[in-house]
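The file protein-v8.cif comes next; it holds mmCIF, C-alpha atoms.
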data_target
#
loop_
_atom_site.label_atom_id
_atom_site.label_comp_id
_atom_site.auth_asym_id
_atom_site.auth_seq_id
_atom_site.Cartn_x
_atom_site.Cartn_y
_atom_site.Cartn_z
CA MET A 1 150.78 169.18 100.41
CA ALA A 2 147.25 168.02 101.24
CA ARG A 3 147.44 165.66 98.29
CA PHE A 4 150.72 164.21 99.54
CA ALA A 5 149.29 163.71 103.02
CA PHE A 6 146.23 162.00 101.56
CA LEU A 7 148.31 159.65 99.43
CA SER A 8 150.62 158.75 102.27
CA LEU A 9 147.61 157.91 104.44
CA VAL A 10 146.29 155.64 101.69
CA ALA A 11 149.71 154.01 101.51
CA ALA A 12 149.60 153.57 105.29
CA CYS A 13 146.31 151.67 104.92
CA PHE A 14 147.90 149.22 102.50
CA ALA A 15 150.93 148.86 104.76
CA LEU A 16 148.62 148.09 107.69
CA MET A 17 146.77 145.45 105.68
CA LEU A 18 150.03 143.74 104.81
CA LEU A 19 151.34 143.98 108.37
CA GLY A 20 148.07 142.60 109.71
CA LYS A 21 148.13 139.77 107.20
CA ALA A 22 151.72 138.91 108.13
CA GLU A 23 150.59 138.49 111.78
CA ILE A 24 153.52 140.38 113.18
CA VAL A 25 153.87 140.41 116.97
CA VAL A 26 153.97 144.22 117.11
CA VAL A 27 150.55 144.46 115.48
CA GLU A 28 149.16 141.91 117.89
CA ARG A 29 150.63 143.78 120.85
CA ALA A 30 149.10 147.01 119.56
CA ARG A 31 145.73 145.31 119.17
CA THR A 32 145.94 143.92 122.68
CA ALA A 33 146.94 147.27 124.15
CA LEU A 34 144.09 149.06 122.41
CA LEU A 35 141.71 146.33 123.52
CA ASP A 36 142.53 147.21 127.12
CA VAL A 37 141.99 150.90 126.43
CA LEU A 38 138.64 150.32 124.74
CA ALA A 39 137.37 147.69 127.18
CA PRO A 40 136.31 150.13 129.94
CA VAL A 41 134.66 152.35 127.31
CA PHE A 42 132.63 149.41 126.05
CA GLY A 43 131.96 148.31 129.62
CA VAL A 44 130.32 151.65 130.34
CA LEU A 45 128.57 152.02 126.98
CA SER A 46 127.22 148.50 126.98
CA GLN A 47 125.26 148.98 130.20
CA PRO A 48 122.55 151.29 128.84
CA ALA A 49 122.47 149.19 125.69
CA GLU A 50 121.93 146.12 127.82
CA ALA A 51 119.24 147.85 129.88
CA VAL A 52 117.33 148.76 126.73
CA SER A 53 117.59 145.32 125.22
CA SER A 54 116.63 143.60 128.48
CA ALA A 55 113.62 145.91 128.84
CA ILE A 56 112.51 144.94 125.34
CA GLY A 57 113.14 141.29 126.17
CA GLU A 58 111.15 141.47 129.41
CA ALA A 59 108.19 143.12 127.71
CA GLY A 60 108.17 140.23 125.27
CA GLN A 61 108.47 137.64 128.02
CA VAL A 62 105.41 138.89 129.92
CA LEU A 63 103.30 138.00 126.92
CA HIS A 64 104.55 134.45 126.85
CA VAL A 65 104.81 133.76 130.56
CA TYR A 66 101.91 131.31 130.83
CA ARG A 67 102.85 129.28 127.82
CA GLU A 68 106.48 129.29 128.86
CA ASN A 69 105.56 128.13 132.35
CA ARG A 70 103.70 125.13 130.96
CA THR A 71 106.56 124.25 128.62
CA LEU A 72 109.03 124.53 131.46
CA ARG A 73 107.00 122.23 133.70
CA GLU A 74 106.93 119.61 130.99
CA GLN A 75 110.64 120.08 130.48
CA VAL A 76 111.35 119.70 134.20
CA THR A 77 109.45 116.42 134.30
CA ARG A 78 111.36 115.14 131.31
CA LEU A 79 114.73 116.33 132.63
CA GLU A 80 114.16 114.72 136.02
CA HIS A 81 114.15 111.38 134.24
CA TRP A 82 117.31 112.34 132.44
CA GLN A 83 118.95 113.44 135.67
CA GLU A 84 118.21 110.09 137.19
CA ALA A 85 119.63 108.34 134.14
CA ALA A 86 122.71 110.57 134.18
CA ARG A 87 123.38 109.90 137.88
CA ARG A 88 123.05 106.18 137.33
CA LEU A 89 125.37 106.28 134.32
CA ASP A 90 127.85 108.52 136.15
CA GLY A 91 128.05 106.06 138.99
CA GLU A 92 128.42 103.17 136.58
CA ASN A 93 131.06 105.10 134.63
CA GLN A 94 133.07 105.84 137.77
CA GLY A 95 132.88 102.20 138.78
CA LEU A 96 134.05 101.01 135.38
CA ARG A 97 136.82 103.59 135.28
CA ALA A 98 138.00 102.39 138.67
CA LEU A 99 137.95 98.80 137.37
CA LEU A 100 140.04 99.74 134.34
CA ASN A 101 142.36 102.03 136.29
CA PHE A 102 141.49 104.83 133.84
CA PRO A 103 142.84 108.23 134.95
CA ALA A 104 140.27 110.93 135.58
CA ASP A 105 140.02 113.91 133.22
CA PRO A 106 142.23 116.81 134.25
CA GLN A 107 140.61 119.35 136.54
CA THR A 108 139.47 122.46 134.79
CA ARG A 109 139.55 126.02 135.98
CA SER A 110 137.07 128.42 134.54
CA VAL A 111 136.52 132.13 134.67
CA THR A 112 133.32 133.85 133.65
CA GLY A 113 133.29 137.18 131.84
CA ARG A 114 130.65 139.67 130.84
CA VAL A 115 130.28 140.25 127.11
CA ILE A 116 131.05 143.92 126.50
CA GLY A 117 131.25 143.99 122.73
CA ASP A 118 129.82 142.31 119.68
CA SER A 119 131.73 142.26 116.45
CA GLY A 120 130.84 145.22 114.36
CA GLY A 121 131.90 144.50 110.82
CA SER A 122 130.28 142.29 108.25
CA PHE A 123 133.48 140.32 107.78
CA VAL A 124 134.27 139.25 111.35
CA ARG A 125 132.49 137.31 114.03
CA SER A 126 134.00 137.99 117.42
CA ILE A 127 133.01 139.28 120.84
CA LEU A 128 134.80 141.16 123.61
CA VAL A 129 134.66 139.96 127.21
CA ALA A 130 135.67 141.85 130.34
CA VAL A 131 138.22 139.35 131.63
CA GLY A 132 141.85 139.13 130.64
CA SER A 133 145.26 137.79 131.53
CA GLU A 134 144.91 139.18 135.08
CA GLN A 135 142.15 136.64 135.58
CA GLY A 136 144.17 133.84 134.00
CA VAL A 137 142.71 134.00 130.51
CA ALA A 138 145.08 132.78 127.82
CA LYS A 139 144.98 132.49 124.07
CA GLY A 140 143.29 129.37 122.77
CA GLN A 141 140.98 128.75 125.72
CA ALA A 142 137.47 127.57 124.94
CA ALA A 143 134.56 129.95 125.54
CA MET A 144 131.26 128.36 126.53
CA THR A 145 127.79 129.31 127.55
CA GLY A 146 125.53 126.87 129.36
CA GLU A 147 124.29 125.78 125.96
CA GLY A 148 127.47 125.07 124.08
CA LEU A 149 130.73 126.19 122.57
CA VAL A 150 130.91 129.87 121.65
CA GLY A 151 134.42 130.11 120.30
CA ARG A 152 137.97 130.43 121.48
CA VAL A 153 140.11 133.22 122.83
CA SER A 154 142.05 134.91 120.05
CA GLU A 155 143.43 138.07 121.72
CA VAL A 156 144.15 138.66 125.37
CA GLY A 157 144.61 142.00 127.08
CA GLU A 158 145.15 142.51 130.78
CA ARG A 159 141.50 143.05 131.56
CA SER A 160 139.78 142.08 128.34
CA ALA A 161 139.87 139.42 125.70
CA ARG A 162 138.51 138.87 122.24
CA ILE A 163 136.79 135.62 121.39
CA LEU A 164 136.73 134.37 117.85
CA LEU A 165 133.28 132.86 117.38
CA ILE A 166 132.87 129.42 115.80
CA THR A 167 130.96 131.15 112.99
CA ASP A 168 133.92 133.34 111.98
CA LEU A 169 135.57 132.69 108.66
CA ASN A 170 138.89 131.94 110.38
CA SER A 171 137.50 129.52 112.94
CA ARG A 172 138.46 125.83 112.60
CA ILE A 173 137.38 123.46 115.38
CA PRO A 174 138.07 119.71 115.34
CA VAL A 175 134.74 118.04 116.05
CA LEU A 176 133.09 114.66 115.93
CA ILE A 177 129.55 113.46 115.42
CA GLU A 178 128.27 112.03 118.68
CA SER A 179 126.37 109.04 117.33
CA THR A 180 128.77 107.81 114.62
CA ARG A 181 132.08 109.11 116.07
CA GLU A 182 132.78 110.52 112.62
CA ARG A 183 135.54 113.15 112.70
CA ALA A 184 135.39 116.48 110.91
CA VAL A 185 136.52 120.08 111.13
CA LEU A 186 133.92 122.71 111.91
CA ALA A 187 134.68 125.72 109.71
CA GLY A 188 132.94 129.07 110.08
CA ASP A 189 131.91 131.04 107.03
CA ASN A 190 130.54 134.22 108.66
CA THR A 191 126.99 132.87 108.41
CA ALA A 192 124.99 131.67 111.40
CA ARG A 193 125.61 128.03 110.47
CA PRO A 194 129.21 126.83 110.21
CA ARG A 195 130.02 123.88 107.95
CA LEU A 196 131.72 120.54 108.41
CA LEU A 197 134.89 120.01 106.37
CA TYR A 198 137.07 116.97 105.72
CA LEU A 199 134.33 114.43 106.33
CA SER A 200 135.12 111.00 105.08
CA PRO A 201 133.21 110.27 101.84
CA ASP A 202 131.22 107.40 103.30
CA ALA A 203 130.15 109.34 106.38
CA ARG A 204 126.51 108.72 107.29
CA LEU A 205 125.03 111.96 108.60
CA SER A 206 121.50 113.09 109.14
CA PRO A 207 119.98 116.32 110.40
CA GLY A 208 119.64 116.29 114.17
CA ASP A 209 122.94 114.49 114.84
CA ARG A 210 124.76 116.11 117.73
CA VAL A 211 128.19 117.63 117.11
CA MET A 212 130.82 118.04 119.83
CA THR A 213 134.49 118.88 120.07
CA SER A 214 136.80 115.95 119.45
CA GLY A 215 139.84 117.20 121.30
CA HIS A 216 142.11 116.40 118.37
CA GLY A 217 145.06 118.69 117.85
CA GLY A 218 145.17 119.42 121.55
CA ALA A 219 143.51 122.75 120.98
CA LEU A 220 140.28 122.17 122.85
CA PRO A 221 139.12 119.57 125.34
CA ALA A 222 136.97 116.74 124.00
CA GLY A 223 133.25 116.50 124.46
CA LEU A 224 132.16 120.12 124.60
CA PRO A 225 128.73 120.40 122.97
CA VAL A 226 128.80 122.45 119.76
CA GLY A 227 125.50 122.07 117.93
CA VAL A 228 123.32 119.82 115.82
CA ILE A 229 123.49 119.08 112.12
CA ALA A 230 120.89 121.29 110.50
CA GLU A 231 121.19 120.40 106.87
CA VAL A 232 122.96 117.87 104.73
CA GLY A 233 122.92 119.14 101.18
CA GLU A 234 124.86 119.95 98.07
CA HIS A 235 126.45 122.93 99.77
CA GLY A 236 127.96 120.75 102.44
CA VAL A 237 126.89 119.90 105.95
CA GLN A 238 125.63 122.81 108.00
CA VAL A 239 125.67 122.84 111.77
CA GLN A 240 123.28 124.83 113.91
CA PRO A 241 125.21 125.88 117.05
CA TYR A 242 123.50 125.46 120.42
CA VAL A 243 124.46 128.98 121.41
CA ASP A 244 121.80 131.66 121.14
CA TRP A 245 123.86 134.49 119.65
CA ALA A 246 121.23 137.09 120.46
CA ARG A 247 121.45 136.38 124.20
CA LEU A 248 125.17 136.24 124.74
CA ASP A 249 125.55 138.07 128.08
CA PHE A 250 128.16 136.00 129.90
CA VAL A 251 130.63 133.42 128.70
CA ARG A 252 132.71 130.95 130.64
CA LEU A 253 136.34 130.53 129.61
CA LEU A 254 137.72 127.08 130.31
CA ASP A 255 141.35 126.46 131.10
CA TYR A 256 142.21 122.82 130.58
CA GLY A 257 145.93 123.48 130.64
CA LEU A 258 146.14 122.63 126.96
CA THR A 259 148.64 124.74 125.11
CA GLY A 260 147.20 123.75 121.75
CA ILE A 261 148.37 124.67 118.31
CA LEU A 262 148.15 128.42 118.75
CA PRO A 263 151.34 130.06 119.99
CA SER A 264 150.19 132.10 122.96
CA VAL A 265 151.57 135.53 123.69
CA PRO A 266 153.11 135.49 127.17
CA ALA A 267 150.75 137.07 129.66
CA ALA A 268 151.79 140.46 130.90
CA LEU A 269 151.05 139.49 134.49
CA PRO A 270 150.80 136.07 136.11
CA PRO A 271 147.30 135.24 137.30
CA LYS A 272 146.86 136.69 140.75
CA THR A 273 144.44 134.20 142.19
CA ALA A 274 143.82 130.61 141.45
CA ARG A 275 140.26 129.57 140.74
CA LYS A 276 138.67 126.22 140.94
CA MET B 1 125.86 187.19 109.25
CA PRO B 2 126.24 187.87 112.98
CA PRO B 3 129.25 189.90 114.00
CA SER B 4 130.65 187.16 116.24
CA SER B 5 131.66 185.11 113.21
CA LEU B 6 133.95 187.89 112.07
CA THR B 7 135.72 188.64 115.30
CA PRO B 8 138.51 186.22 116.20
CA PRO B 9 138.14 184.53 119.59
CA HIS B 10 139.99 186.25 122.40
CA THR B 11 139.52 184.69 125.76
CA LEU B 12 140.65 181.21 126.66
CA LEU B 13 137.09 180.09 127.19
CA GLN B 14 136.10 181.32 123.76
CA ARG B 15 138.96 179.47 122.18
CA LEU B 16 138.17 176.32 124.12
CA ASP B 17 134.56 176.61 123.03
CA LEU B 18 135.62 177.01 119.42
CA THR B 19 137.97 174.02 119.55
CA LEU B 20 135.32 171.80 121.08
CA ARG B 21 132.77 172.88 118.50
CA CYS B 22 135.24 172.21 115.69
CA MET B 23 135.90 168.75 117.06
CA THR B 24 132.21 167.80 117.06
CA PRO B 25 132.19 166.06 113.64
CA PHE B 26 135.25 164.01 114.59
CA VAL B 27 133.90 163.04 118.01
CA ILE B 28 130.49 162.09 116.62
CA THR B 29 132.09 159.91 113.97
CA LEU B 30 134.38 158.32 116.54
CA LEU B 31 131.41 157.40 118.73
CA LEU B 32 129.59 156.05 115.69
CA ALA B 33 132.60 153.83 115.02
CA LEU B 34 132.07 152.18 118.42
CA VAL B 35 128.29 151.73 118.14
CA PRO B 36 128.39 148.55 116.00
CA VAL B 37 130.45 146.78 118.66
CA LEU B 38 127.98 147.42 121.48
CA PRO B 39 126.14 144.28 122.52
CA LEU B 40 122.58 145.30 121.70
CA HIS B 41 121.38 141.67 121.51
CA LEU B 42 118.99 142.36 118.69
CA PRO B 43 118.18 139.26 116.66
CA HIS B 44 120.52 138.95 113.66
CA GLU B 45 121.97 142.25 114.68
CA THR B 46 125.49 141.57 113.48
CA ASP B 47 124.17 141.09 109.95
CA LEU B 48 122.46 144.43 109.81
CA VAL B 49 124.73 147.04 111.34
CA PRO B 50 124.74 150.02 108.98
CA ALA B 51 128.05 151.65 108.11
CA PHE B 52 127.53 154.63 110.41
CA THR B 53 131.01 156.04 109.93
CA LEU B 54 130.60 156.03 106.16
CA MET B 55 127.50 158.20 106.49
CA SER B 56 129.24 160.54 108.89
CA VAL B 57 132.39 160.89 106.80
CA PHE B 58 130.26 161.48 103.69
CA TYR B 59 128.12 164.15 105.35
CA TRP B 60 130.93 166.10 106.96
CA THR B 61 133.17 165.88 103.90
CA VAL B 62 130.39 167.39 101.81
CA TYR B 63 129.29 170.10 104.21
CA ARG B 64 132.30 170.80 106.47
CA PRO B 65 135.43 169.36 104.84
CA ASP B 66 137.55 171.71 106.94
CA LEU B 67 136.43 169.84 110.09
CA MET B 68 136.91 166.35 108.62
CA PRO B 69 140.53 166.19 107.43
CA ALA B 70 142.02 163.05 105.90
CA SER B 71 144.03 162.31 109.05
CA ALA B 72 140.83 162.26 111.13
CA VAL B 73 139.20 159.95 108.59
CA PHE B 74 142.19 157.62 108.77
CA ALA B 75 142.15 157.54 112.57
CA ILE B 76 138.41 156.80 112.68
CA GLY B 77 138.76 153.89 110.27
CA LEU B 78 141.66 152.49 112.24
CA ILE B 79 139.79 152.63 115.54
CA GLN B 80 136.75 151.02 113.99
CA ASP B 81 138.83 148.12 112.70
CA PHE B 82 140.53 147.71 116.06
CA ALA B 83 137.23 147.75 117.90
CA ALA B 84 135.56 145.28 115.56
CA GLY B 85 138.58 142.97 115.45
CA ALA B 86 138.57 143.30 111.67
CA PRO B 87 141.68 143.19 109.46
CA LEU B 88 143.40 146.53 109.95
CA GLY B 89 143.44 149.11 107.20
CA ILE B 90 140.34 148.20 105.19
CA THR B 91 137.92 150.61 106.85
CA SER B 92 140.52 153.39 106.81
CA LEU B 93 141.04 152.82 103.11
CA ILE B 94 137.30 152.80 102.37
CA LEU B 95 136.69 155.96 104.38
CA LEU B 96 139.71 157.72 102.88
CA GLY B 97 138.58 156.76 99.38
CA THR B 98 135.10 158.11 100.13
CA HIS B 99 136.62 161.27 101.56
CA GLY B 100 138.87 161.78 98.53
CA VAL B 101 136.15 161.19 95.93
CA VAL B 102 133.47 163.19 97.73
CA LEU B 103 135.86 166.10 98.30
CA GLY B 104 136.23 166.48 94.54
CA GLN B 105 132.51 166.27 93.89
CA ARG B 106 131.05 168.15 96.82
CA ARG B 107 129.76 171.03 94.69
CA LEU B 108 127.24 168.57 93.26
CA PHE B 109 125.65 168.28 96.70
CA VAL B 110 126.09 171.58 98.53
CA GLY B 111 122.95 173.67 98.35
CA LYS B 112 121.09 170.98 96.39
CA PRO B 113 118.00 169.07 97.54
CA PHE B 114 118.51 166.19 99.95
CA ALA B 115 117.58 163.59 97.33
CA MET B 116 120.70 164.60 95.44
CA ALA B 117 122.91 163.95 98.44
CA TRP B 118 121.10 160.68 99.12
CA SER B 119 121.61 159.38 95.58
CA GLY B 120 125.24 160.51 95.72
CA PHE B 121 125.57 158.62 98.95
CA MET B 122 123.99 155.55 97.37
CA LEU B 123 126.69 155.44 94.69
CA THR B 124 129.42 156.04 97.28
CA ALA B 125 128.10 153.35 99.60
CA ALA B 126 127.75 150.87 96.73
CA ALA B 127 131.35 151.47 95.71
CA ALA B 128 132.52 151.28 99.33
CA THR B 129 130.67 147.98 99.85
CA ALA B 130 132.15 146.49 96.68
CA VAL B 131 135.69 147.60 97.49
CA SER B 132 135.57 146.46 101.12
CA TRP B 133 134.18 143.10 100.06
CA ALA B 134 136.96 142.74 97.49
CA PHE B 135 139.68 143.59 100.01
CA ALA B 136 138.22 141.40 102.74
CA SER B 137 138.06 138.52 100.24
CA LEU B 138 141.61 139.19 99.16
CA LEU B 139 142.86 139.15 102.76
CA ALA B 140 140.84 136.03 103.53
CA GLY B 141 142.20 134.33 100.42
CA ALA B 142 138.74 133.31 99.19
CA PRO B 143 135.62 135.12 97.96
CA LEU B 144 133.39 135.86 100.94
CA ALA B 145 129.62 135.52 101.06
CA LEU B 146 127.92 138.51 99.50
CA GLY B 147 124.70 138.40 101.51
CA GLN B 148 125.84 140.31 104.56
CA PRO B 149 127.65 143.16 102.80
CA LEU B 150 124.55 143.55 100.63
CA LEU B 151 122.24 143.67 103.66
CA GLN B 152 124.60 146.14 105.27
CA PHE B 153 124.48 148.31 102.18
CA ILE B 154 120.68 148.37 102.23
CA ALA B 155 120.59 149.12 105.95
CA THR B 156 123.14 151.90 105.45
CA LEU B 157 121.13 153.45 102.65
CA ALA B 158 117.91 153.26 104.66
CA MET B 159 119.50 154.79 107.75
CA PHE B 160 121.13 157.68 105.91
CA PRO B 161 118.19 160.15 106.03
CA MET B 162 117.78 159.63 109.78
CA LEU B 163 121.44 160.16 110.54
CA ALA B 164 121.65 163.04 108.06
CA TRP B 165 118.78 164.72 109.92
CA PHE B 166 120.76 164.39 113.15
CA PHE B 167 123.88 165.76 111.44
CA VAL B 168 121.97 168.72 110.05
CA ARG B 169 120.61 169.51 113.52
CA THR B 170 124.09 169.28 115.01
CA HIS B 171 125.52 171.30 112.16
CA ARG B 172 123.01 174.12 112.74
CA ARG B 173 123.18 174.10 116.52
CA VAL B 174 126.84 173.61 117.22
CA LEU B 175 128.62 174.77 114.11
CA ALA B 176 126.42 177.61 112.89
CA ARG B 177 128.99 180.29 113.69
CA VAL B 178 132.15 178.26 113.51
#
Would you kindly transcribe this structure into structure tokens?
Amino acid sequence: MARFAFLSLVAACFALMLLGKAEIVVVERARTALLDVLAPVFGVLSQPAEAVSSAIGEAGQVLHVYRENRTLREQVTRLEHWQEAARRLDGENQGLRALLNFPADPQTRSVTGRVIGDSGGSFVRSILVAVGSEQGVAKGQAAMTGEGLVGRVSEVGERSARILLITDLNSRIPVLIESTRERAVLAGDNTARPRLLYLSPDARLSPGDRVMTSGHGGALPAGLPVGVIAEVGEHGVQVQPYVDWARLDFVRLLDYGLTGILPSVPAALPPKTARK
Amino acid sequence: MPPSSLTPPHTLLQRLDLTLRCMTPFVITLLLALVPVLPLHLPHETDLVPAFTLMSVFYWTVYRPDLMPASAVFAIGLIQDFAAGAPLGITSLILLGTHGVVLGQRRLFVGKPFAMAWSGFMLTAAAATAVSWAFASLLAGAPLALGQPLLQFIATLAMFPMLAWFFVRTHRRVLARV
């Protein structure tokens, strides 16, 4: 009897693998439902974890405060110049757009969520955030920090969502190289540095080139910063993302009204409040 | 042996106490399944999360198999996969396999020095790492990088004595008379 139970459980594992692979709606619903159940648990558990890690972080920062202050002052001086340049260019851009009768980019709504869970396994790269369909989150939306693109929403519960990181094996993001406008697809491989695929053979790339989303495929808006090219070698082109994975506390989810290539599961509840 | 272990529990409180004590291994393992998902923000943390549930299932299958039935093992694996957003079924399969194999060999470890259990665990963890890598690669449709599973294996092996110490303490304190 025990043997039979054991074997049927093993069979259930295989059945689950197949069902998961087939991406059946029921499995996705179950995942979403469990996400909502687990989200408050993680919300509570992550607070002491966060306190500990921030205490460690603060202790480290005290040691570097003088040096950091000097670096920041230098950075402020440099960025003030950039700000001036950006304002001038923005004005010029607006003027030229007006001349050409070029429509403005669609307004974006965004909602910010606290990160309540890192991915645990060695085969997935995803995070959990404490916002869901009640706050207007939908599948396919881009997740950003101030630094750059984090990933995109892959599962949405009512009060929580899972974000597939750009480093995950299943992540494919259409990107382009800022300086050469070369198109490529940024493919994660579960390492810290995703790779560029489908580059044209005569592409001229060098480390330090900035990579941003291209907006092709209608999945993500164009121009979101992603990272810089870290290495061009025999093993392909590696990109170092701007995001600091060790300090992922909050992410901003952008809603550009793009439906994209991912079929989104209808939200259980319509968003209650509109955000700017 | 104290007399209380021989007398069946009578009052409701006693029975409740017994049930809770018996559930300890399952609850500990369940909590351990959620630990890897907590945002600890350690540098390179995602690369180095040890397989806590594997250690727990190994320990309790060896020393208290009656409190770690196959159904509990299955449930723990499933919840871990759900929480981590991993393909469903792999962790359950790995843990069930560990449970099944260890159950047949537990006489090798019971009452033997800790080094014996540790080396047994090393073999189990190596097999579990290899099998989970193979299945994850199969589901992904391409061979995955080996670096992270290997690091995880080493971290798991290194963490085992610490967690085993905690399990032994729990075992003696909570389950001594159960």
Using the chain letters and numbers from the file, give me the residues hit by the PyMOL selection byres ((chain A and resi 40-50) around 8), as a PyMOL selection string. (chain A and resi 36-39+51-54+116-117+130) or (chain B and resi 38-41)
Near-range 18-32 of chain B list (7 Å; all atoms listed in the file; drop same-chain fewer than 6 positions) as an MDAnalysis selection string: chainID B and resid 52:53 56 60 67:68 72 76 174:175 178
Distance limit 6 Å, atoms considered: only C-alpha atoms. Which chain A residues sit that close to chain B? Return them as a PyMOL selection string. chain A and resi 13+16-17+46+49+117-120+124+246-247
Residue with smallest distance to Arg183 in chain A - pool A:Ala161, A:His216, A:Arg67, A:Val156, counting all atoms listed in the file: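 The answer is A:His216, which sits nearest to Arg183 in chain A.
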Taking the file as shown, find all residues satisfying the PyMOL selection byres ((chain A and resi 115) around 7) and write them as a PyMOL selection string. chain A and resi 113-114+116-117+127-130+248-250
Near Met162 in chain B, within 12 Å and counting all atoms listed in the file, which residues show up once chain neighbours fewer than 6 positions away are dropped, as a list in words? Pro50, Phe52, Met55, Ser56, Phe114, Trp118, Ala155, Thr156, Val168 and Arg169 of chain B
Between CA of Gln75 in chain A and CA of Ala142 in chain A, distance in Å (one decimal): 28.4 Å
Answer key for the PyMOL selection byres ((chain A and resi 194) around 12), residues as number ranges by chain: A: 125, 150-151, 165-173, 175, 185-193, 195-197, 211, 226-231, 235-242
For Val62 in chain B, please output as a count of residues only all residues within 12 Å (counting only C-alpha atoms; exclusion window: fewer than 6 positions along the same chain). 27
If I take CA of Thr180 in chain A and CA of Glu84 in chain A, how far is one from the other in Å, to one decimal?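 Interatomic distance, CA of Thr180 in chain A to CA of Glu84 in chain A: 25.0 Å.
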